[in-house]
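**Student:** Coordinates in work.txt, compact mmCIF, C-alpha atoms and all ligand atoms, are listed below.
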```
# COMPACT_ATOMS: atom_id res chain seq x y z
CA MET A 21 -12.68 14.35 -10.92
CA VAL A 22 -12.31 10.84 -9.53
CA ASN A 23 -9.28 10.38 -7.33
CA PHE A 24 -7.32 7.14 -7.57
CA ASN A 25 -7.51 6.92 -3.80
CA ILE A 26 -8.56 9.03 -0.83
CA PRO A 27 -6.98 7.72 2.39
CA PRO A 28 -9.80 6.49 4.61
CA TYR A 29 -10.54 8.69 7.64
CA VAL A 30 -13.56 8.08 9.88
CA GLY A 31 -13.09 10.87 12.42
CA GLU A 32 -12.09 9.05 15.62
CA GLU A 33 -8.47 8.42 14.59
CA ILE A 34 -7.19 11.64 16.17
CA ASN A 35 -8.84 10.83 19.52
CA TYR A 36 -7.25 7.38 19.71
CA ILE A 37 -3.86 8.81 18.72
CA ASN A 38 -4.23 11.35 21.55
CA GLU A 39 -5.10 8.52 23.91
CA ALA A 40 -1.90 6.69 22.96
CA ILE A 41 0.17 9.84 23.56
CA LYS A 42 -1.49 10.55 26.91
CA GLY A 43 -0.98 6.92 27.93
CA HIS A 44 2.78 7.34 27.36
CA LYS A 45 2.89 4.32 25.13
CA ILE A 46 3.80 5.08 21.53
CA CYS A 47 6.17 2.23 20.65
CA GLY A 48 4.89 -1.14 19.43
CA ASP A 49 2.71 -3.80 21.06
CA GLY A 50 0.77 -1.45 23.35
CA PRO A 51 -3.01 -1.57 23.94
CA PHE A 52 -4.01 -0.40 20.44
CA THR A 53 -1.85 -2.98 18.66
CA LYS A 54 -3.28 -5.70 20.89
CA GLN A 55 -6.86 -4.54 20.30
CA CYS A 56 -6.27 -4.57 16.54
CA ASN A 57 -4.70 -8.06 16.65
CA THR A 58 -7.60 -9.45 18.68
CA TRP A 59 -10.25 -7.72 16.56
CA LEU A 60 -8.77 -9.22 13.39
CA GLU A 61 -8.50 -12.68 15.00
CA LYS A 62 -12.15 -12.62 16.10
CA LYS A 63 -13.62 -11.07 12.98
CA PHE A 64 -11.81 -13.45 10.61
CA HIS A 65 -11.69 -16.54 12.89
CA ALA A 66 -7.90 -16.50 12.67
CA GLN A 67 -5.60 -18.48 14.94
CA LYS A 68 -3.17 -15.56 15.40
CA VAL A 69 -2.73 -12.09 13.92
CA LEU A 70 0.23 -9.74 14.53
CA LEU A 71 0.37 -6.20 13.20
CA THR A 72 3.47 -5.42 11.15
CA THR A 73 5.02 -2.27 9.72
CA SER A 74 3.67 -3.04 6.23
CA GLY A 75 2.15 -5.63 3.95
CA THR A 76 5.65 -6.06 2.58
CA THR A 77 7.15 -6.92 5.98
CA ALA A 78 4.23 -9.27 6.69
CA LEU A 79 5.23 -11.13 3.50
CA ASP A 80 8.92 -10.99 4.53
CA MET A 81 8.03 -12.51 7.91
CA ALA A 82 5.86 -15.24 6.38
CA LEU A 83 8.57 -16.28 3.92
CA LEU A 84 11.24 -16.27 6.65
CA LEU A 85 8.97 -18.48 8.78
CA CYS A 86 8.80 -20.94 5.86
CA GLN A 87 12.54 -21.64 6.57
CA LEU A 88 13.64 -21.89 2.96
CA ASN A 89 17.04 -23.15 1.82
CA PRO A 90 19.10 -21.75 -1.06
CA GLY A 91 17.78 -23.16 -4.33
CA ASP A 92 14.24 -23.66 -3.00
CA GLU A 93 11.54 -22.45 -5.36
CA VAL A 94 8.51 -20.28 -4.69
CA ILE A 95 5.57 -20.09 -7.09
CA LEU A 96 3.86 -16.73 -7.55
CA PRO A 97 1.69 -15.04 -10.19
CA SER A 98 3.40 -13.13 -12.99
CA TYR A 99 1.03 -10.19 -12.41
CA THR A 100 1.45 -8.75 -8.92
CA PHE A 101 3.06 -6.06 -6.78
CA SER A 102 6.84 -6.22 -6.29
CA SER A 103 6.63 -7.22 -2.59
CA THR A 104 5.19 -10.63 -3.49
CA ALA A 105 8.51 -11.31 -5.22
CA THR A 106 10.98 -9.49 -2.96
CA ALA A 107 9.89 -11.49 0.13
CA PRO A 108 10.93 -14.91 -1.27
CA VAL A 109 14.11 -13.35 -2.74
CA LEU A 110 15.01 -12.04 0.73
CA ALA A 111 14.41 -15.52 2.13
CA GLY A 112 16.91 -16.92 -0.39
CA ALA A 113 14.47 -18.58 -2.79
CA LYS A 114 14.23 -18.75 -6.55
CA LEU A 115 11.10 -17.24 -8.13
CA VAL A 116 8.90 -19.30 -10.44
CA PHE A 117 6.21 -17.22 -12.15
CA VAL A 118 2.88 -18.69 -13.23
CA ASP A 119 0.55 -16.88 -15.63
CA ILE A 120 -2.75 -15.38 -14.52
CA ARG A 121 -6.37 -16.00 -15.55
CA PRO A 122 -7.67 -13.13 -17.66
CA ASP A 123 -11.08 -13.14 -15.94
CA THR A 124 -10.05 -12.51 -12.30
CA MET A 125 -6.41 -11.54 -13.00
CA ASN A 126 -5.46 -14.09 -10.32
CA ILE A 127 -2.92 -16.92 -10.62
CA ASP A 128 -4.23 -19.59 -13.02
CA GLU A 129 -4.68 -22.56 -10.69
CA THR A 130 -4.69 -24.96 -13.65
CA LYS A 131 -1.11 -23.93 -14.52
CA ILE A 132 0.43 -24.33 -11.06
CA GLU A 133 1.09 -28.05 -11.16
CA ALA A 134 3.23 -27.81 -14.31
CA ALA A 135 5.50 -25.30 -12.48
CA ILE A 136 6.18 -27.61 -9.52
CA THR A 137 9.62 -29.26 -9.27
CA ASP A 138 11.28 -31.20 -6.46
CA LYS A 139 12.64 -27.82 -5.24
CA THR A 140 9.20 -26.16 -4.86
CA ARG A 141 8.36 -25.25 -1.26
CA VAL A 142 5.79 -22.43 -1.29
CA ILE A 143 2.90 -21.09 -3.39
CA ILE A 144 1.93 -17.41 -2.98
CA PRO A 145 -1.57 -16.77 -4.33
CA VAL A 146 -2.32 -13.04 -4.64
CA HIS A 147 -5.98 -12.08 -4.26
CA TYR A 148 -6.06 -9.33 -6.86
CA ALA A 149 -8.48 -6.46 -6.22
CA GLY A 150 -9.78 -8.36 -3.18
CA VAL A 151 -11.24 -11.19 -5.28
CA ALA A 152 -10.12 -14.61 -4.05
CA CYS A 153 -7.93 -17.02 -6.00
CA GLU A 154 -9.37 -20.51 -6.56
CA MET A 155 -8.25 -21.60 -3.07
CA ASP A 156 -9.76 -25.11 -3.02
CA SER A 157 -7.65 -26.13 -6.02
CA ILE A 158 -4.54 -24.36 -4.69
CA MET A 159 -4.83 -25.95 -1.21
CA GLU A 160 -5.41 -29.37 -2.77
CA ILE A 161 -2.24 -29.05 -4.90
CA ALA A 162 -0.26 -27.77 -1.88
CA LYS A 163 -1.39 -30.74 0.19
CA ARG A 164 -0.55 -33.25 -2.51
CA TYR A 165 2.99 -31.86 -2.99
CA ASN A 166 3.54 -30.92 0.66
CA LEU A 167 3.92 -27.20 -0.03
CA LEU A 168 3.27 -24.19 2.19
CA VAL A 169 0.78 -21.53 1.09
CA VAL A 170 1.31 -17.83 1.87
CA GLU A 171 -1.72 -15.76 0.83
CA ASP A 172 -0.86 -12.26 -0.32
CA ALA A 173 -4.15 -10.82 0.92
CA ALA A 174 -2.79 -7.26 0.97
CA GLN A 175 -5.84 -6.20 -1.06
CA GLY A 176 -8.18 -8.77 0.49
CA VAL A 177 -9.03 -7.55 4.00
CA MET A 178 -12.76 -8.27 4.61
CA SER A 179 -13.03 -10.47 1.50
CA SER A 180 -13.85 -14.17 1.68
CA TYR A 181 -13.81 -17.41 -0.28
CA LYS A 182 -16.63 -19.87 0.45
CA GLY A 183 -17.26 -17.97 3.68
CA LYS A 184 -13.62 -18.09 4.87
CA ALA A 185 -11.80 -14.80 5.33
CA LEU A 186 -8.93 -14.30 2.89
CA GLY A 187 -5.64 -14.72 4.71
CA THR A 188 -6.98 -17.53 6.91
CA ILE A 189 -7.00 -20.31 4.30
CA GLY A 190 -3.27 -20.95 3.66
CA ASP A 191 -0.50 -21.42 6.25
CA PHE A 192 0.03 -17.66 6.43
CA GLY A 193 -1.90 -14.61 5.27
CA CYS A 194 -0.55 -11.10 4.73
CA TYR A 195 -2.60 -7.91 4.94
CA SER A 196 -1.67 -4.35 4.07
CA PHE A 197 -2.94 -1.24 5.85
CA HIS A 198 -1.11 1.13 3.54
CA GLU A 199 -2.78 4.45 2.76
CA THR A 200 -4.06 3.04 -0.56
CA LYS A 201 -5.75 -0.01 0.97
CA ASN A 202 -9.32 -0.32 2.30
CA TYR A 203 -8.31 0.11 5.96
CA SER A 204 -5.31 2.20 6.76
CA MET A 205 -2.73 3.17 9.34
CA GLY A 206 -0.50 5.15 6.97
CA GLU A 207 2.02 2.39 6.61
CA GLY A 208 1.26 -0.97 8.16
CA GLY A 209 0.13 -4.51 7.73
CA ALA A 210 -0.49 -7.78 9.54
CA ILE A 211 0.57 -11.38 9.36
CA VAL A 212 -2.05 -14.07 9.92
CA ILE A 213 -0.59 -17.29 11.30
CA ASN A 214 -2.93 -20.19 10.72
CA ASN A 215 -0.83 -22.93 12.32
CA GLU A 216 0.14 -22.44 15.95
CA ILE A 217 3.52 -24.17 15.49
CA TYR A 218 4.78 -20.86 14.03
CA ASN A 219 3.50 -18.59 16.84
CA GLU A 220 6.62 -18.50 19.00
CA ARG A 221 9.11 -18.06 16.16
CA ALA A 222 6.93 -15.35 14.65
CA GLU A 223 6.99 -13.34 17.89
CA ILE A 224 10.77 -13.70 18.15
CA LEU A 225 11.34 -12.76 14.52
CA ARG A 226 9.14 -9.69 14.92
CA GLU A 227 10.84 -8.56 18.18
CA LYS A 228 14.45 -8.28 16.93
CA GLY A 229 15.20 -11.94 17.60
CA THR A 230 14.37 -11.66 21.31
CA ASN A 231 11.81 -13.42 23.48
CA ARG A 232 10.46 -10.08 24.75
CA SER A 233 6.82 -11.04 24.07
CA LYS A 234 7.16 -14.00 26.45
CA PHE A 235 8.77 -11.68 29.01
CA TYR A 236 5.86 -9.22 28.83
CA ARG A 237 3.41 -12.06 29.39
CA GLY A 238 5.36 -13.04 32.52
CA GLN A 239 6.32 -16.44 31.10
CA ILE A 240 10.06 -15.79 31.67
CA ASP A 241 11.83 -13.41 34.10
CA LYS A 242 14.32 -11.82 31.70
CA TYR A 243 14.42 -11.52 27.96
CA THR A 244 17.32 -12.16 25.68
CA TRP A 245 18.47 -12.53 22.08
CA ILE A 246 17.77 -16.05 20.92
CA ASP A 247 17.35 -16.19 17.13
CA PHE A 248 17.52 -14.26 13.88
CA GLY A 249 15.16 -11.30 13.95
CA ASP A 250 14.16 -7.93 12.65
CA SER A 251 11.82 -5.18 13.81
CA TYR A 252 8.33 -5.60 12.41
CA LEU A 253 6.27 -3.80 15.10
CA PRO A 254 4.34 -0.73 14.06
CA SER A 255 4.12 2.25 16.39
CA GLU A 256 1.06 2.58 18.65
CA LEU A 257 0.28 5.87 16.89
CA ASN A 258 -0.33 3.96 13.67
CA ALA A 259 -2.24 1.20 15.45
CA ALA A 260 -4.49 3.84 17.06
CA TYR A 261 -5.37 5.16 13.59
CA LEU A 262 -6.16 1.63 12.40
CA TRP A 263 -8.28 0.91 15.49
CA ALA A 264 -10.70 3.70 14.53
CA GLN A 265 -10.98 2.21 11.06
CA LEU A 266 -11.56 -1.36 12.26
CA LEU A 267 -14.45 -0.20 14.44
CA LYS A 268 -16.05 1.14 11.25
CA ALA A 269 -14.98 -1.77 9.05
CA ASP A 270 -18.45 -2.91 8.00
CA GLU A 271 -19.53 0.62 7.23
CA ILE A 272 -16.41 1.27 5.14
CA ASN A 273 -16.88 -2.05 3.35
CA ASN A 274 -20.55 -1.43 2.50
CA ASN A 275 -19.79 2.06 1.32
CA ARG A 276 -17.05 0.79 -1.00
CA LEU A 277 -19.31 -1.97 -2.33
CA ASP A 278 -22.01 0.64 -3.08
CA SER A 279 -19.53 2.69 -5.12
CA TRP A 280 -18.23 -0.43 -6.85
CA ASN A 281 -21.75 -1.46 -7.84
CA LYS A 282 -22.47 2.03 -9.15
CA TYR A 283 -19.38 1.88 -11.36
CA TYR A 284 -20.35 -1.60 -12.53
CA LYS A 285 -23.84 -0.49 -13.57
CA ALA A 286 -22.50 2.64 -15.25
CA PHE A 287 -19.96 0.69 -17.32
CA GLU A 288 -22.12 -2.34 -18.07
CA PRO A 289 -23.54 -1.01 -21.37
CA LEU A 290 -19.99 -0.49 -22.71
CA ALA A 291 -19.06 -4.02 -21.65
CA LYS A 292 -22.15 -5.44 -23.36
CA GLN A 293 -21.05 -3.74 -26.57
CA ASN A 294 -17.60 -5.35 -26.13
CA ILE A 295 -15.87 -1.99 -25.91
CA ILE A 296 -14.31 -2.65 -22.50
CA SER A 297 -14.31 -5.57 -20.07
CA LEU A 298 -15.30 -5.41 -16.42
CA PRO A 299 -14.08 -7.24 -13.30
CA TYR A 300 -15.37 -10.78 -12.79
CA VAL A 301 -16.24 -12.00 -9.30
CA PRO A 302 -16.81 -15.78 -9.11
CA GLU A 303 -19.88 -17.02 -7.22
CA GLN A 304 -17.86 -18.37 -4.26
CA CYS A 305 -16.01 -15.08 -3.72
CA GLN A 306 -17.27 -12.22 -1.59
CA HIS A 307 -15.09 -9.24 -2.50
CA ASN A 308 -14.33 -6.00 -0.66
CA ALA A 309 -14.47 -3.52 -3.55
CA HIS A 310 -10.77 -2.85 -3.14
CA MET A 311 -10.44 -1.65 -6.69
CA PHE A 312 -12.59 -1.00 -9.70
CA TYR A 313 -10.75 -1.60 -12.93
CA ILE A 314 -11.75 -1.73 -16.57
CA LYS A 315 -9.80 -3.41 -19.33
CA CYS A 316 -9.43 -1.84 -22.76
CA LYS A 317 -8.94 -3.86 -25.94
CA CYS A 318 -5.43 -2.63 -26.66
CA ILE A 319 -2.69 -0.37 -25.37
CA GLU A 320 -3.60 2.38 -27.88
CA GLU A 321 -7.17 2.57 -26.61
CA ARG A 322 -5.94 2.51 -23.04
CA THR A 323 -3.50 5.36 -23.64
CA LYS A 324 -6.19 7.44 -25.31
CA LEU A 325 -8.62 6.77 -22.45
CA THR A 326 -6.14 7.67 -19.68
CA GLU A 327 -5.20 10.86 -21.56
CA PHE A 328 -8.87 11.76 -21.85
CA LEU A 329 -9.48 11.09 -18.16
CA LYS A 330 -6.44 13.16 -17.18
CA MET A 331 -8.05 16.11 -18.95
CA GLY A 332 -10.98 15.69 -16.57
CA GLY A 333 -13.23 14.81 -19.47
CA GLY A 334 -16.81 14.00 -18.75
CA ILE A 335 -16.47 11.72 -15.73
CA CYS A 336 -18.69 12.58 -12.80
CA SER A 337 -17.50 11.90 -9.31
CA ILE A 338 -18.59 8.95 -7.23
CA SER A 339 -16.93 9.45 -3.91
CA LEU A 340 -15.33 6.66 -1.90
CA TYR A 341 -15.77 6.49 1.84
CA SER A 342 -14.01 9.40 3.44
CA ALA A 343 -14.78 12.17 5.87
CA ALA A 344 -12.60 14.48 3.77
C1 LIG A 401 -0.11 -3.20 -1.28
C2 LIG A 401 0.38 -4.52 -1.63
C3 LIG A 401 1.51 -5.10 -1.02
C4 LIG A 401 2.41 -4.34 -0.09
O1 LIG A 401 1.81 -3.75 1.00
P1 LIG A 401 2.54 -2.50 1.72
O2 LIG A 401 1.75 -2.34 2.97
O3 LIG A 401 2.44 -1.33 0.80
O4 LIG A 401 3.94 -2.89 1.99
C5 LIG A 401 1.83 -6.40 -1.33
N1 LIG A 401 1.11 -7.12 -2.21
C6 LIG A 401 0.04 -6.60 -2.84
C7 LIG A 401 -0.73 -7.45 -3.79
C8 LIG A 401 -0.35 -5.29 -2.59
O5 LIG A 401 -1.41 -4.78 -3.22
```
Give the structure from the file, written as structure tokens.
**Tutor:**
Amino acid sequence: MVNFNIPPYVGEEINYINEAIKGHKICGDGPFTKQCNTWLEKKFHAQKVLLTTSGTTALDMALLLCQLNPGDEVILPSYTFSSTATAPVLAGAKLVFVDIRPDTMNIDETKIEAAITDKTRVIIPVHYAGVACEMDSIMEIAKRYNLLVVEDAAQGVMSSYKGKALGTIGDFGCYSFHETKNYSMGEGGAIVINNEIYNERAEILREKGTNRSKFYRGQIDKYTWIDFGDSYLPSELNAAYLWAQLLKADEINNNRLDSWNKYYKAFEPLAKQNIISLPYVPEQCQHNAHMFYIKCKCIEERTKLTEFLKMGGGICSISLYSAA
């Protein structure tokens, strides 16, 4: 039996969670959240990273920071998770879908320009399965039309494009640490802010519209409500779980890549006979083995295959990284 996903667990999570409890700090922005933010900033050479309650709320924050007006348009791929679309809707924008490339399943960068109007403000590339979109082309188009780029890198933590970590290439990047992602905290995520002009508003937005972060840093002597906001801080208990995972990030990544490569080799003969097709990873993309998918020729073959696999037929197990 091959499970769709086993939540990653490296063993130290419980100790860090205990530490948070004993330290009497279980709400947001305590030591574990700060350690995670800093670790992500250093590892990915990011200007600023803030943990959020999910990948979805990281996207919500990014789109709110884009300051859209009613009628503004946001370009996104037609094949993605619902949160890529709900974030711009929440920010008041109109969705403009662009088709994907069949090889990487990512937004087709050659079709973006035709979708741009004088109302377009943002492009959201989604790095499907942790394989990067064609970011040079996308950033060039964004620059030419003065658009913002929000990378949905929910599946792309530890992946890179031409050596740059996914999430750090556009104006904003959004990560997910949901149970089904490579690094987990149960529910959680992070926003990467690549332009420091957004730092202050991001902190306010994340802290219920208050300048509490400035207060904690001693930059002001009392905090108050100053702008629109919401609550996007995860609990320290979740951050403590993530901290254990980040310390083992390279190990988890290598382990996943090993499994991915095993699947690739095992399925290669079928792909060579044109029975199925396998994922394509362009030269300039270092992926994180977020997902291994195969594509069948038609829906009938796919239905038959999934029915066969549900019966437990003939598939041996290749385990993903987990202490379980
Ligand atoms: C998982 C995922 C999200 C949402 O992340 P959550 O942490 O579950 O809210 C958004 N976009 C993509 C592409 C995802 O895979």
**Student:** Please build the interface table for chain A against ligand LIG 401 (chain A) with a cut-off of 9 Å, listing for each qualifying residue the nearest atom pair and the distance in Å to one decimal; count all atoms listed in the file, order rows by chain and increasing number, and write it as a Markdown table.
**Tutor:**
```
| residue | atom | partner | partner_atom | distance |
| --- | --- | --- | --- | --- |
| A:Thr72 | CA | A:LIG401 | O2 | 8.9 |
| A:Thr73 | CA | A:LIG401 | O2 | 7.5 |
| A:Ser74 | CA | A:LIG401 | O2 | 3.8 |
| A:Gly75 | CA | A:LIG401 | O2 | 3.5 |
| A:Thr76 | CA | A:LIG401 | O4 | 3.6 |
| A:Thr77 | CA | A:LIG401 | O4 | 6.5 |
| A:Ala78 | CA | A:LIG401 | O4 | 7.9 |
| A:Leu79 | CA | A:LIG401 | C5 | 7.6 |
| A:Thr100 | CA | A:LIG401 | C7 | 5.7 |
| A:Phe101 | CA | A:LIG401 | C6 | 5.0 |
| A:Ser102 | CA | A:LIG401 | C5 | 7.1 |
| A:Ser103 | CA | A:LIG401 | C5 | 5.0 |
| A:Thr104 | CA | A:LIG401 | N1 | 5.5 |
| A:Val146 | CA | A:LIG401 | C7 | 5.9 |
| A:His147 | CA | A:LIG401 | C7 | 7.0 |
| A:Tyr148 | CA | A:LIG401 | C7 | 6.4 |
| A:Ala149 | CA | A:LIG401 | O5 | 7.9 |
| A:Asp172 | CA | A:LIG401 | N1 | 5.8 |
| A:Ala173 | CA | A:LIG401 | C7 | 6.7 |
| A:Ala174 | CA | A:LIG401 | C8 | 4.7 |
| A:Gln175 | CA | A:LIG401 | O5 | 5.1 |
| A:Gly176 | CA | A:LIG401 | O5 | 8.7 |
| A:Cys194 | CA | A:LIG401 | C5 | 8.0 |
| A:Tyr195 | CA | A:LIG401 | O1 | 7.2 |
| A:Ser196 | CA | A:LIG401 | O2 | 4.1 |
| A:Phe197 | CA | A:LIG401 | O2 | 5.6 |
| A:His198 | CA | A:LIG401 | O2 | 4.5 |
| A:Glu199 | CA | A:LIG401 | O3 | 8.0 |
| A:Thr200 | CA | A:LIG401 | C1 | 7.4 |
| A:Lys201 | CA | A:LIG401 | C1 | 6.9 |
| A:Gly206 | CA | A:LIG401 | O2 | 8.8 |
| A:Glu207 | CA | A:LIG401 | O2 | 6.0 |
| A:Gly208 | CA | A:LIG401 | O2 | 5.4 |
| A:Gly209 | CA | A:LIG401 | O2 | 5.5 |
| A:Ala210 | CA | A:LIG401 | O2 | 8.8 |
```
**Student:** For the atom pair CA of Gln265 (chain A) and CA of Met205 (chain A), what is the interatomic distance in Å to one decimal place?
**Tutor:**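 Between CA of Gln265 (chain A) and CA of Met205 (chain A) the gap is 8.5 Å.
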**Student:** Restricting the calculation to only C-alpha atoms, which member of A:Asp191, A:Asp247, A:Glu133, A:Glu227 is positioned closest to Tyr165 (chain A)?
**Tutor:** A:Glu133
**Student:** Looking at A:Val212, A:Ile295, A:Val177, A:Ile37, which one is nearest to Asn273 (chain A), with distances taken over all atoms listed in the file?
**Tutor:**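 Result for the nearest residue to Asn273 (chain A): A:Val177.
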**Student:** For CA of Lys317 (chain A) and CA of Glu154 (chain A), determine how far apart the two atoms are, in Å to one decimal place.
**Tutor:**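 Interatomic distance, CA of Lys317 (chain A) to CA of Glu154 (chain A): 25.6 Å.
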**Student:** Identify, on the basis of only C-alpha atoms, every residue whose closest approach to region 91-98 of chain A does not exceed 6 Å; exclude the query and any residue fewer than 3 positions from it along the same chain; express the result as a PyMOL selection string.
**Tutor:** chain A and resi 113-119+127+139-144
**Student:** Considering all atoms listed in the file, can you say which of A:Leu298, A:Ala185, A:Ala286, A:Leu257 comes closest to Phe52 (chain A)?
**Tutor:**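 Smallest separation from Phe52 (chain A) among the options: A:Leu257.
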**Student:** Calculated over all atoms listed in the file, which of the candidates A:Met159, A:Leu168, A:Ala152, A:Leu83 has the smallest distance to Met125 (chain A)?
**Tutor:** A:Ala152
**Student:** At what distance in Å, to one decimal, does CA of Lys63 (chain A) lie from CA of Ala264 (chain A)?
**Tutor:**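 Computing the Euclidean distance for CA of Ala264 (chain A) and CA of Lys63 (chain A) yields 15.1 Å.
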**Student:** Quick one: residues within 7 Å of Trp245 (chain A), only C-alpha atoms, excluding same-chain residues fewer than 6 positions away - as a list of chain:residue names?
**Tutor:**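 The filter keeps A:Gly229, A:Thr230, A:Asn231.
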**Student:** When you count only C-alpha atoms, which of these residues is closest to Tyr283 (chain A): A:Trp59, A:Phe312, A:Tyr261, A:Tyr300?
**Tutor:**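 With only C-alpha atoms as the atom set, the closest residue is A:Phe312.
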